[in-house]
Structures are given as structure tokens and as C-alpha cells.
$ cat query26.cif   # mmCIF, C-alpha atoms
data_work
loop_
_atom_site.label_atom_id
_atom_site.label_comp_id
_atom_site.auth_asym_id
_atom_site.auth_seq_id
_atom_site.Cartn_x
_atom_site.Cartn_y
_atom_site.Cartn_z
CA MET A 851 10.31 -13.65 -20.12
CA GLN A 852 7.51 -15.22 -18.09
CA PHE A 853 6.63 -14.81 -14.41
CA ASP A 854 4.00 -16.32 -12.18
CA ILE A 855 2.23 -13.86 -9.88
CA HIS A 856 1.03 -15.29 -6.57
CA THR A 857 -1.62 -13.81 -4.30
CA SER A 858 -2.54 -15.02 -0.84
CA ASP A 859 -6.12 -15.11 0.44
CA ALA A 860 -5.11 -16.96 3.58
CA THR A 861 -6.07 -15.91 7.08
CA PRO A 862 -3.23 -15.28 9.54
CA ALA A 863 -1.92 -18.32 11.39
CA PHE A 864 -0.51 -16.29 14.29
CA PRO A 865 -2.50 -15.12 17.32
CA PRO A 866 -3.28 -11.38 17.51
CA GLU A 867 -0.21 -10.58 19.62
CA GLN A 868 2.08 -11.60 16.75
CA THR A 869 2.69 -8.05 15.55
CA LEU A 870 3.67 -6.89 12.10
CA LYS A 871 7.15 -5.99 13.33
CA ARG A 872 7.71 -9.52 14.62
CA ARG A 873 6.32 -11.03 11.44
CA VAL A 874 8.62 -8.94 9.26
CA VAL A 875 11.65 -9.84 11.38
CA ALA A 876 10.70 -13.52 11.06
CA PHE A 877 10.30 -13.20 7.29
CA TRP A 878 13.73 -11.67 6.79
CA GLU A 879 15.38 -14.24 9.04
CA TRP A 880 13.77 -16.99 6.96
CA PHE A 881 14.62 -15.42 3.59
CA ALA A 882 18.22 -14.69 4.53
CA GLY A 883 18.64 -18.33 5.57
CA GLU A 884 17.31 -19.58 2.23
CA ALA A 885 18.69 -16.88 -0.09
CA ASP A 886 21.62 -18.89 -1.46
CA ARG A 887 19.39 -21.86 -2.22
CA PHE A 888 16.78 -19.64 -3.88
CA HIS A 889 19.52 -18.00 -5.94
CA GLY A 890 20.64 -21.40 -7.15
CA HIS A 891 17.12 -22.37 -8.20
CA TYR A 892 16.48 -19.12 -10.03
CA GLU A 893 18.74 -18.65 -13.03
CA GLY A 894 18.12 -15.83 -15.48
CA THR A 895 14.62 -16.18 -16.91
CA ALA A 896 13.93 -19.65 -15.53
CA ARG A 897 10.57 -20.22 -13.87
CA VAL A 898 10.51 -20.98 -10.14
CA GLU A 899 7.51 -23.26 -9.88
CA ASN A 900 9.38 -25.59 -7.54
CA LEU A 901 9.61 -22.79 -4.97
CA THR A 902 6.01 -21.64 -5.24
CA ASP A 903 4.49 -23.69 -2.42
CA GLU A 904 7.38 -23.04 -0.07
CA VAL A 905 7.38 -19.27 -0.54
CA SER A 906 3.59 -19.05 -0.56
CA ASP A 907 3.43 -20.88 2.77
CA GLN A 908 5.74 -18.33 4.38
CA VAL A 909 3.95 -15.31 2.90
CA ASP A 910 0.55 -16.75 3.84
CA GLU A 911 1.66 -17.27 7.42
CA LEU A 912 3.64 -14.10 8.01
CA LEU A 913 2.18 -11.51 5.60
CA PRO A 914 -1.29 -12.74 4.60
CA GLY A 915 -3.09 -11.15 1.69
CA MET A 916 0.08 -9.98 -0.07
CA ALA A 917 1.24 -10.96 -3.55
CA TRP A 918 4.81 -11.95 -4.36
CA VAL A 919 6.98 -12.60 -7.39
CA PHE A 920 10.59 -13.43 -8.21
CA GLY A 921 12.24 -11.53 -11.03
CA PRO A 922 15.51 -10.26 -12.47
CA GLY A 923 17.67 -7.90 -10.46
CA GLY A 924 19.15 -4.61 -11.47
CA LYS A 925 22.63 -5.89 -12.33
CA PRO A 926 24.21 -9.08 -13.71
CA GLY A 927 23.86 -12.10 -11.44
CA GLU A 928 21.29 -10.39 -9.24
CA HIS A 929 17.70 -11.53 -8.70
CA SER A 930 14.75 -9.74 -7.14
CA PHE A 931 11.93 -10.57 -4.79
CA THR A 932 8.84 -8.35 -4.78
CA LEU A 933 6.14 -8.23 -2.13
CA SER A 934 3.16 -6.27 -3.36
CA GLY A 935 -0.13 -4.91 -2.07
CA GLU A 936 -1.39 -5.02 -5.66
CA GLY A 937 -2.30 -1.35 -5.68
CA ILE A 938 -4.42 -1.51 -2.50
CA ALA A 939 -3.40 1.56 -0.52
CA PHE A 940 -3.31 0.12 3.00
CA LYS A 941 -1.44 -2.99 1.83
CA GLN A 942 1.10 -0.79 0.07
CA MET A 943 1.89 0.81 3.44
CA LEU A 944 2.56 -2.64 4.89
CA ALA A 945 4.71 -3.62 1.93
CA ARG A 946 6.74 -0.43 2.26
CA TYR A 947 7.37 -1.17 5.94
CA TRP A 948 8.48 -4.71 4.99
CA LEU A 949 10.91 -3.27 2.44
CA GLU A 950 12.34 -0.71 4.87
CA GLN A 951 13.43 -3.56 7.16
CA ALA A 952 15.15 -5.53 4.37
CA PRO A 953 18.73 -6.62 5.14
CA GLU A 954 21.58 -6.57 2.66
CA ILE A 955 21.63 -10.01 1.02
CA PRO A 956 24.28 -10.62 -1.68
CA GLY A 957 22.78 -11.36 -5.09
CA TRP A 958 19.34 -9.99 -4.23
CA CYS A 959 17.35 -6.78 -4.45
CA PHE A 960 13.84 -6.25 -3.09
CA HIS A 961 10.78 -4.22 -4.08
CA SER A 962 7.50 -3.33 -2.38
CA GLU A 963 5.69 -3.07 -5.71
CA ARG A 964 6.22 -4.45 -9.18
CA VAL A 965 8.68 -2.17 -10.95
CA ALA A 966 8.89 -1.39 -14.63
CA SER A 967 11.03 -3.79 -16.61
CA PRO A 968 14.02 -2.34 -18.48
CA ASP A 969 13.09 -4.59 -21.39
CA PRO A 970 9.32 -5.28 -21.31
CA GLY A 971 9.20 -6.38 -24.95
CA HIS A 972 10.06 -9.97 -24.00
CA PHE A 973 7.31 -10.31 -21.39
CA SER A 974 4.53 -12.82 -22.02
CA LEU A 975 1.71 -14.36 -20.05
CA ARG A 976 0.09 -17.74 -20.62
CA PHE A 977 -3.53 -18.75 -20.04
CA GLY A 978 -3.75 -22.45 -20.80
CA GLU A 979 -2.68 -22.86 -24.41
CA LEU A 980 -2.89 -19.13 -25.18
CA GLU A 981 0.17 -16.89 -24.84
CA PHE A 982 -0.29 -13.13 -24.56
CA LYS A 983 2.80 -11.31 -25.81
CA VAL A 984 3.36 -7.69 -24.92
CA MET A 985 4.15 -6.61 -28.49
CA GLU A 986 0.73 -7.85 -29.62
CA PHE A 987 -1.16 -5.32 -27.49
CA TRP A 988 -2.27 -2.12 -29.24
CA VAL A 989 -3.79 0.84 -27.41
CA THR A 990 -5.62 4.03 -28.28
CA PRO A 991 -4.85 6.57 -25.52
CA GLU A 992 -7.15 9.42 -24.57
CA VAL A 993 -5.97 12.14 -22.20
CA ASP A 994 -8.23 12.77 -19.20
CA GLU A 995 -7.31 16.35 -18.32
CA GLU A 996 -9.52 16.59 -15.23
CA ASN A 997 -8.20 13.46 -13.52
CA GLU A 998 -4.65 13.77 -14.91
CA CYS A 999 -4.50 10.28 -16.34
CA ILE A 1000 -4.71 8.33 -19.60
CA ASP A 1001 -7.77 6.29 -20.60
CA LEU A 1002 -7.10 3.34 -22.89
CA THR A 1003 -8.95 1.42 -25.57
CA VAL A 1004 -7.10 -1.87 -26.00
CA TRP A 1005 -6.91 -4.49 -28.74
CA HIS A 1006 -5.24 -7.90 -28.69
CA PRO A 1007 -5.76 -10.70 -31.24
CA LEU A 1008 -6.57 -13.26 -28.52
CA ALA A 1009 -8.94 -11.11 -26.45
CA ASP A 1010 -12.05 -12.84 -27.83
CA ARG A 1011 -10.77 -16.28 -26.81
CA ILE A 1012 -10.66 -15.81 -23.03
CA ASP A 1013 -13.05 -14.19 -20.56
CA LYS A 1014 -13.03 -10.51 -19.67
CA GLY A 1015 -11.40 -11.06 -16.28
CA GLN A 1016 -8.41 -12.84 -17.80
CA CYS A 1017 -8.08 -10.09 -20.40
CA GLN A 1018 -7.97 -7.48 -17.65
CA THR A 1019 -5.40 -9.51 -15.70
CA ALA A 1020 -3.17 -9.83 -18.75
CA LEU A 1021 -3.46 -6.12 -19.50
CA PHE A 1022 -2.64 -5.03 -15.95
CA LEU A 1023 0.42 -7.27 -15.79
CA VAL A 1024 1.65 -5.97 -19.15
CA LEU A 1025 1.14 -2.37 -18.01
CA ASP A 1026 3.01 -3.14 -14.78
CA GLU A 1027 5.95 -4.37 -16.87
CA ILE A 1028 5.93 -1.13 -18.86
CA LEU A 1029 5.01 1.46 -16.21
CA GLY A 1030 5.48 -0.34 -12.91
CA GLU A 1031 2.65 -1.20 -10.54
CA THR A 1032 2.36 2.27 -9.02
CA GLY A 1033 2.71 3.96 -12.39
CA THR A 1034 -0.15 1.90 -13.76
CA GLY A 1035 -2.36 2.65 -10.77
CA HIS A 1036 -1.59 6.37 -10.84
CA TRP A 1037 -1.51 7.24 -14.54
CA ILE A 1038 -3.93 4.83 -16.20
CA GLY A 1039 -7.63 5.60 -15.92
CA GLU A 1040 -10.47 3.76 -17.61
CA MET A 1041 -9.67 0.78 -19.83
CA GLU A 1042 -11.78 -1.18 -22.26
CA PHE A 1043 -11.08 -3.82 -24.87
CA SER A 1044 -12.08 -3.29 -28.49
CA ARG A 1045 -12.90 -6.04 -30.97
CA LYS A 1046 -10.95 -4.25 -33.68
CA LYS A 1047 -7.66 -2.41 -33.85
CA LEU A 1048 -8.45 1.29 -34.11
CA GLY A 1049 -6.79 3.54 -36.65
CA ALA A 1050 -5.26 5.87 -34.04
CA SER A 1051 -3.81 3.02 -31.98
CA MET A 1052 -0.15 2.49 -31.11
CA PRO A 1053 1.87 -0.49 -29.88
CA ILE A 1054 1.54 -0.65 -26.10
CA LEU A 1055 5.33 -0.46 -25.81
CA GLU A 1056 5.09 3.17 -27.01
CA LEU A 1057 2.71 4.08 -24.17
CA LYS A 1058 5.47 4.97 -21.70
CA GLU A 1059 6.94 7.59 -23.99
CA PHE A 1060 3.46 8.95 -24.77
CA LEU A 1061 2.77 9.25 -21.04
CA GLU A 1062 6.09 10.96 -20.29
CA VAL A 1063 5.48 13.56 -23.02
CA THR A 1064 1.91 14.11 -21.83
CA ARG A 1065 3.04 14.57 -18.22
CA ALA A 1066 5.79 17.01 -19.18
CA ASP A 1067 3.54 19.09 -21.42
CA ARG A 1068 0.86 19.42 -18.74
CA GLY A 1069 3.03 19.60 -15.65
CA TRP A 1070 1.44 16.59 -14.00
CA LYS A 1071 3.14 15.61 -10.74
CA PHE A 1072 3.50 12.12 -9.28
CA ILE A 1073 3.00 11.49 -5.55
CA HIS A 1074 3.35 7.95 -4.29
CA PRO A 1075 0.10 6.61 -2.75
CA CYS A 1076 1.87 6.02 0.58
CA ASP A 1077 2.79 9.71 0.69
CA THR A 1078 -0.60 11.12 -0.31
CA TRP A 1079 -2.42 13.20 2.29
CA THR A 1080 -6.13 13.94 1.98
CA SER A 1081 -7.93 16.86 3.61
CA TYR A 1082 -11.41 16.15 4.89
CA GLY A 1083 -14.16 17.41 7.13
CA ILE A 1084 -17.65 16.35 8.15
CA PRO A 1085 -20.38 18.78 7.05
CA ALA A 1086 -22.11 20.48 9.98
CA GLU A 1087 -25.43 18.83 9.19
CA LYS A 1088 -23.85 15.34 9.39
CA ARG A 1089 -21.87 15.78 12.59
CA GLY A 1090 -22.97 13.68 15.52
CA GLU A 1091 -22.08 12.01 18.81
CA LYS A 1092 -20.24 8.99 17.38
CA PRO A 1093 -16.45 9.03 17.81
CA ARG A 1094 -14.79 11.39 15.30
CA PHE A 1095 -18.11 12.59 13.90
CA ASP A 1096 -17.47 16.05 15.35
CA THR A 1097 -14.55 16.62 12.93
CA ILE A 1098 -14.35 20.10 11.46
CA ALA A 1099 -11.09 19.68 9.53
CA GLY A 1100 -8.44 17.01 9.29
CA THR A 1101 -5.82 15.37 7.10
CA SER A 1102 -5.25 11.68 6.57
CA ARG A 1103 -2.55 9.52 5.05
CA GLY A 1104 -4.93 6.55 5.08
CA TRP A 1105 -8.03 8.22 3.77
CA ARG A 1106 -9.63 5.18 2.14
CA VAL A 1107 -9.57 3.26 5.41
CA LEU A 1108 -10.80 6.25 7.42
CA ARG A 1109 -13.55 6.94 4.90
CA SER A 1110 -14.72 3.32 5.24
CA TYR A 1111 -14.95 3.86 8.99
CA LEU A 1112 -16.86 7.12 8.60
CA ASP A 1113 -19.28 5.47 6.17
CA LYS A 1114 -20.04 2.59 8.57
CA PRO A 1115 -18.51 3.12 12.03
CA ASP A 1116 -20.57 0.42 13.75
CA GLY A 1117 -18.91 -2.94 13.26
CA PHE A 1118 -15.96 -1.45 11.36
CA THR A 1119 -13.01 -3.84 11.04
CA ASP A 1120 -9.51 -2.42 10.82
CA PRO A 1121 -7.95 -3.97 7.68
CA PHE A 1122 -4.42 -3.52 9.07
CA ARG A 1123 -5.08 -5.98 11.89
CA GLU A 1124 -4.86 -9.05 9.66
CA ALA A 1125 -1.13 -8.42 9.26
CA GLY A 1126 -0.48 -7.50 12.91
CA ALA A 1127 -0.70 -3.71 12.60
CA GLN A 1128 -3.38 -1.41 14.05
CA TRP A 1129 -4.87 2.04 13.47
CA VAL A 1130 -4.95 3.85 16.83
CA TYR A 1131 -5.66 7.44 17.72
CA LEU A 1132 -5.41 9.81 20.64
CA SER A 1133 -8.47 11.85 21.55
CA PHE A 1134 -8.69 14.79 23.94
CA PRO A 1135 -10.87 17.90 24.28
CA SER A 1136 -9.95 20.40 21.58
CA SER A 1137 -10.59 23.19 24.11
CA LEU A 1138 -7.30 22.15 25.78
CA LEU A 1139 -5.27 23.26 22.77
CA PRO A 1140 -3.85 26.80 23.00
CA ASP A 1141 -6.21 29.33 21.47
CA GLY A 1142 -5.04 30.44 18.03
CA ARG A 1143 -2.43 27.66 17.82
CA GLN A 1144 -4.65 24.59 17.74
CA VAL A 1145 -3.30 23.15 14.50
CA ASP A 1146 0.35 23.95 15.27
CA ALA A 1147 0.14 22.58 18.80
CA ARG A 1148 -1.43 19.34 17.62
CA GLY A 1149 1.27 19.05 14.94
CA GLU A 1150 4.06 19.53 17.48
CA MET A 1151 2.66 16.72 19.63
CA GLU A 1152 2.48 14.47 16.58
CA GLU A 1153 6.11 15.13 15.64
CA ILE A 1154 7.40 14.09 19.07
CA ILE A 1155 5.40 10.86 19.04
CA GLU A 1156 6.39 10.18 15.43
CA ALA A 1157 10.09 10.43 16.34
CA ALA A 1158 9.68 7.94 19.19
CA LEU A 1159 7.92 5.40 16.96
CA ALA A 1160 10.40 5.87 14.12
CA GLY A 1161 13.34 5.25 16.43
CA GLU A 1162 12.02 1.76 17.18
CA ARG A 1163 10.54 1.14 13.72
CA SER A 1164 7.25 0.70 15.53
CA GLY A 1165 4.79 3.00 13.78
CA ILE A 1166 4.04 5.97 11.54
CA PRO A 1167 1.69 8.98 11.76
CA LEU A 1168 -1.53 8.84 9.74
CA GLY A 1169 -2.71 12.40 10.31
CA GLY A 1170 -5.26 13.89 12.65
CA ALA A 1171 -8.13 16.30 13.00
CA ILE A 1172 -9.76 18.97 15.13
CA GLY A 1173 -13.44 18.77 15.96
CA ASN A 1174 -15.88 20.91 17.87
CA ARG A 1175 -15.47 18.53 20.84
CA ASN A 1176 -12.19 16.68 20.45
CA ALA A 1177 -8.81 16.79 18.75
CA TYR A 1178 -7.37 13.62 17.20
CA LEU A 1179 -3.90 12.21 16.48
CA ASP A 1180 -3.78 9.13 14.23
CA PHE A 1181 -1.03 6.49 14.11
CA LEU A 1182 -0.44 3.14 12.45
CA ILE A 1183 1.38 0.94 14.94
CA PHE A 1184 3.50 -2.07 14.01
CA ASP A 1185 4.46 -3.57 17.39
CA GLY A 1186 1.33 -3.83 19.52
CA GLU A 1187 1.71 -3.00 23.18
CA ARG A 1188 5.35 -1.97 22.70
CA SER A 1189 4.21 0.68 20.21
CA LEU A 1190 1.54 1.86 22.63
CA ALA A 1191 4.13 2.19 25.39
CA LEU A 1192 6.27 4.34 23.10
CA ILE A 1193 3.27 6.53 22.28
CA ARG A 1194 2.42 6.91 25.96
CA GLU A 1195 5.95 7.93 26.96
CA ALA A 1196 6.35 10.34 24.04
CA ALA A 1197 2.91 11.81 24.66
CA ARG A 1198 3.93 12.72 28.20
CA ASN A 1199 7.04 14.43 26.87
CA ALA A 1200 4.93 16.25 24.27
CA GLY A 1201 2.55 17.68 26.84
CA VAL A 1202 -0.47 15.75 25.64
CA PRO A 1203 -3.37 16.49 28.06
CA ALA A 1204 -3.88 14.14 31.00
CA GLU A 1205 -7.49 13.57 29.87
CA THR A 1206 -6.35 11.95 26.61
CA ARG A 1207 -7.86 8.64 25.61
CA LEU A 1208 -6.26 5.94 23.49
CA GLU A 1209 -8.80 4.70 20.92
CA PHE A 1210 -8.80 2.02 18.23
CA LEU A 1211 -10.46 2.55 14.88
CA ASP A 1212 -11.51 -1.12 14.97
CA SER A 1213 -14.86 -1.48 16.71
CA ARG A 1214 -13.74 -4.72 18.38
CA SER A 1215 -11.12 -2.98 20.54
CA PRO A 1216 -12.39 -0.79 23.39
CA GLY A 1217 -10.58 2.45 24.13
CA ARG A 1218 -8.98 3.39 27.43
CA PRO A 1219 -7.23 6.29 29.12
CA LEU A 1220 -3.81 6.90 27.62
CA PHE A 1221 -2.33 7.57 31.03
CA PRO A 1222 -3.36 4.92 33.58
CA GLY A 1223 -4.87 6.28 36.75
CA THR A 1224 -6.25 9.48 35.16
#
$ encode --input "query26.cif" --output "C-alpha cells"
Amino acid sequence: MQFDIHTSDATPAFPPEQTLKRRVVAFWEWFAGEADRFHGHYEGTARVENLTDEVSDQVDELLPGMAWVFGPGGKPGEHSFTLSGEGIAFKQMLARYWLEQAPEIPGWCFHSERVASPDPGHFSLRFGELEFKVMEFWVTPEVDEENECIDLTVWHPLADRIDKGQCQTALFLVLDEILGETGTGHWIGEMEFSRKKLGASMPILELKEFLEVTRADRGWKFIHPCDTWTSYGIPAEKRGEKPRFDTIAGTSRGWRVLRSYLDKPDGFTDPFREAGAQWVYLSFPSSLLPDGRQVDARGEMEEIIEAALAGERSGIPLGGAIGNRNAYLDFLIFDGERSLALIREAARNAGVPAETRLEFLDSRSPGRPLFPGT
């Protein structure tokens, strides 16, 4: 079985007001209208090269920077379409949102990440005249107890005939077939190719069972990257006057993006904006939270706003923090000004202080009072 993986590096064709929610709606309207024709083109293990330009154009325009692939479905006569962030955490959030809006389309199933194949032994990948077959990969696994993952030394008979980057690409795609995209990203640590097959090596198809036994023996738990929350704080000696640099303690569902901001706040560009989403946050004096209930009170406000956004499929919470000056509530919004209106209305109902400001993590967007006229 062979698949072509397609990645877009295109810049968005829509103006900034074309929000992620509108883009996703437009994508599903387009796909639903073409689904029967796509189904007719794609039969069993046949390649879909004749659809590549057409599908790529739509993904480039509506969901730039995402990868896509057709594949087999989960039952006879069914095909799949996968939109993937290729293991990049913030893109995985966007792909999950895209999947949550998927309609029921007969003959199709959809995924927001490449899933493990029920029969990966038939997978192969071609680079020019060279064909990498999954059964030809051999690996020597080493358990990394501290990081709860498996490091791999890898051998393949053709590895010396293509460059290192192509070898890595082939290996990642083979691992995705065996473990799924998220499984590969979560459970596989360091990888290196060896020029010789090591004595303790095993066929790569046995890796999944090895991993399952290792996980069970050690009690390792899996948490999807989109559901991972990170606790953080800024050391007292590094706190300052810049926005959010007074943080004492916080939690974040988008820690890699927030960490990038904290590393270089001046000129920071919100990576969600390319797809029509935005990281926004509410900021108000932490002294306005009830004494002794600061964390609980902030959490109760967040829950009310979260419910309002969820009801319109317009955003999700990303966490928040309490600092020695301000308290913060973070959200990822999917529908621009409509999402902000929902936040404003829910914030009133939640008793958010009148002094609250609406801020954007992106340095190009100036903040403003949440409640006009205050």
C-alpha cells in the first residue's frame, strides 16, 4: 500500500477577517459536494495523484500549513481523509477543531492525525527508483525510563543510498503506520540510523507489541498533546513590567506557544493567526479576586466563558495565571469578533471585574478594555 503525503507551505489567501470557523465551514461544504466524485476516484489501494492539485488548492486556501492524505476507511467500501498538523502542537489543536465540525458523509471517515494502520506490513514508500518497505526496517529499542519513551537505533538496507533527511522521512512515515502519528510523537524518543543490523534488533513491525508491554510493565500513561496542561511560573528575579511577566503561577494548554512569547515578547507573532484563529486573554488586577479563593474564583469565571464559546463552537480555554499585579484568563478563539462578543457577554455574567482588559498575545494587535466605556 502506498500513499502520498502532502504538506502546504502556502500563505493564507483570505483576509484576516476570514476566521477559522468560516474556513472550516467552507471546507466541509466543499468536501461534501465532491465526496461522491472523490470516492469514485479512490478505489482500494489506488493512488490519487489526479486529485492532488485540486485538494491541495483547497487546503492551501482554507487551512494553510496543514498536511493531508487519503487512505482506507475502517470498514469495507469506506475511505478516509486525514488533515494533520504533523505533530506540531498548535496545529494539532486546529486539526482537532476541524475534525469536530465534520459532517456525516456516507463512505467516508475523517481523522485529525495519521492513525495506525490495521495492516502496516504492506506499506511502502518510494524515493525515485528506491522503494522502502516496512518489513525491511529493523530496530534496536532502548527504554528511556526518565522520559518514558523508547529510543531507536534503525537499520534499512537502502539507508546508505539516500540522504539523511529522506531516511528520517521514511522512518517517521513507517512509524506512523505502526503507531499512529500521535503515538510516534509521544512514545518514540531519539532515533539514529546504523550502517549495520545490530544483534539485538527486531523487525520494526514488532515494535508496537514491545511498546505495549513496556508501557504496561512501567505504568506509563498516555495523554493526547491537545489535552496536556503545563504548570509554569516566572522566577521572582525574572519578573518585570512586560505583560504577563508578573506571573507567579499558571497553567497552559498551549505551553509551547506561550513559552515562545515569554522568550521573546517583543515582535511575537501568534502562530494561530495564519489559519484564522487567535490567542486572546483577559487581564485584571489580581487584588480584585476574593482573598483565599483566587484560583477557584478565576476558574469559575473561565468555566462560564468556556461554556459560552463551546455553545457556538467559537473557542476553547487555554489556561490562565495569577501574578503579583494581574490575573489572566487565556482563550483560543475561532470566530474573530463574534467570539469576542461571546466572551464579553459571558464575562459580564461571570462577574469579571469592570477594569478587565482584552489582550492579544500577538504583538501586532493592541489590547483594549473588555467592556466599552469603562
$ resolve_selection --input "query26.cif" --expression "the PyMOL selection byres ((chain A and resi 1045-1053) around 7)" --output "PyMOL selection string"
chain A and resi 985+987-990+1005+1043-1044+1054-1056
$ resolve_selection --input "query26.cif" --expression "the PyMOL selection byres ((chain A and resi 1220) around 9)" --output "number ranges by chain"
A: 1132, 1190, 1193-1194, 1197, 1204-1209, 1217-1219, 1221-1222, 1224
$ closest_residue --input "query26.cif" --among "A:Leu901, A:Glu954, A:Leu980, A:Gly924" --to "Trp878 of chain A" --atoms "all atoms listed in the file"
A:Glu954
$ resolve_selection --input "query26.cif" --expression "the PyMOL selection byres ((chain A and resi 974) around 12)" --output "list in words"
Met851, Gln852, Phe853, Asp854, Thr895, Asp969, Pro970, Gly971, His972, Phe973, Leu975, Arg976, Phe977, Leu980, Glu981, Phe982, Lys983, Val984, Met985, Glu986, Phe987, Ala1020, Leu1021, Leu1023, Val1024, Leu1025 and Glu1027 of chain A
$ closest_residue --input "query26.cif" --among "A:Asp1013, A:Asp1180, A:Glu1152, A:Glu1187" --to "Arg1094 of chain A" --atoms "all atoms listed in the file"
A:Asp1180
$ closest_residue --input "query26.cif" --among "A:Trp948, A:Tyr1178, A:Trp1070, A:Phe1118" --to "Arg1214 of chain A" --atoms "all atoms listed in the file"
A:Phe1118
$ residues_around --input "query26.cif" --residues "Cys959 of chain A" --least-positions-apart "6" --cutoff "10 Å" --atoms "all atoms listed in the file" --output "PyMOL selection string"
chain A and resi 921-925+928-932+952-953
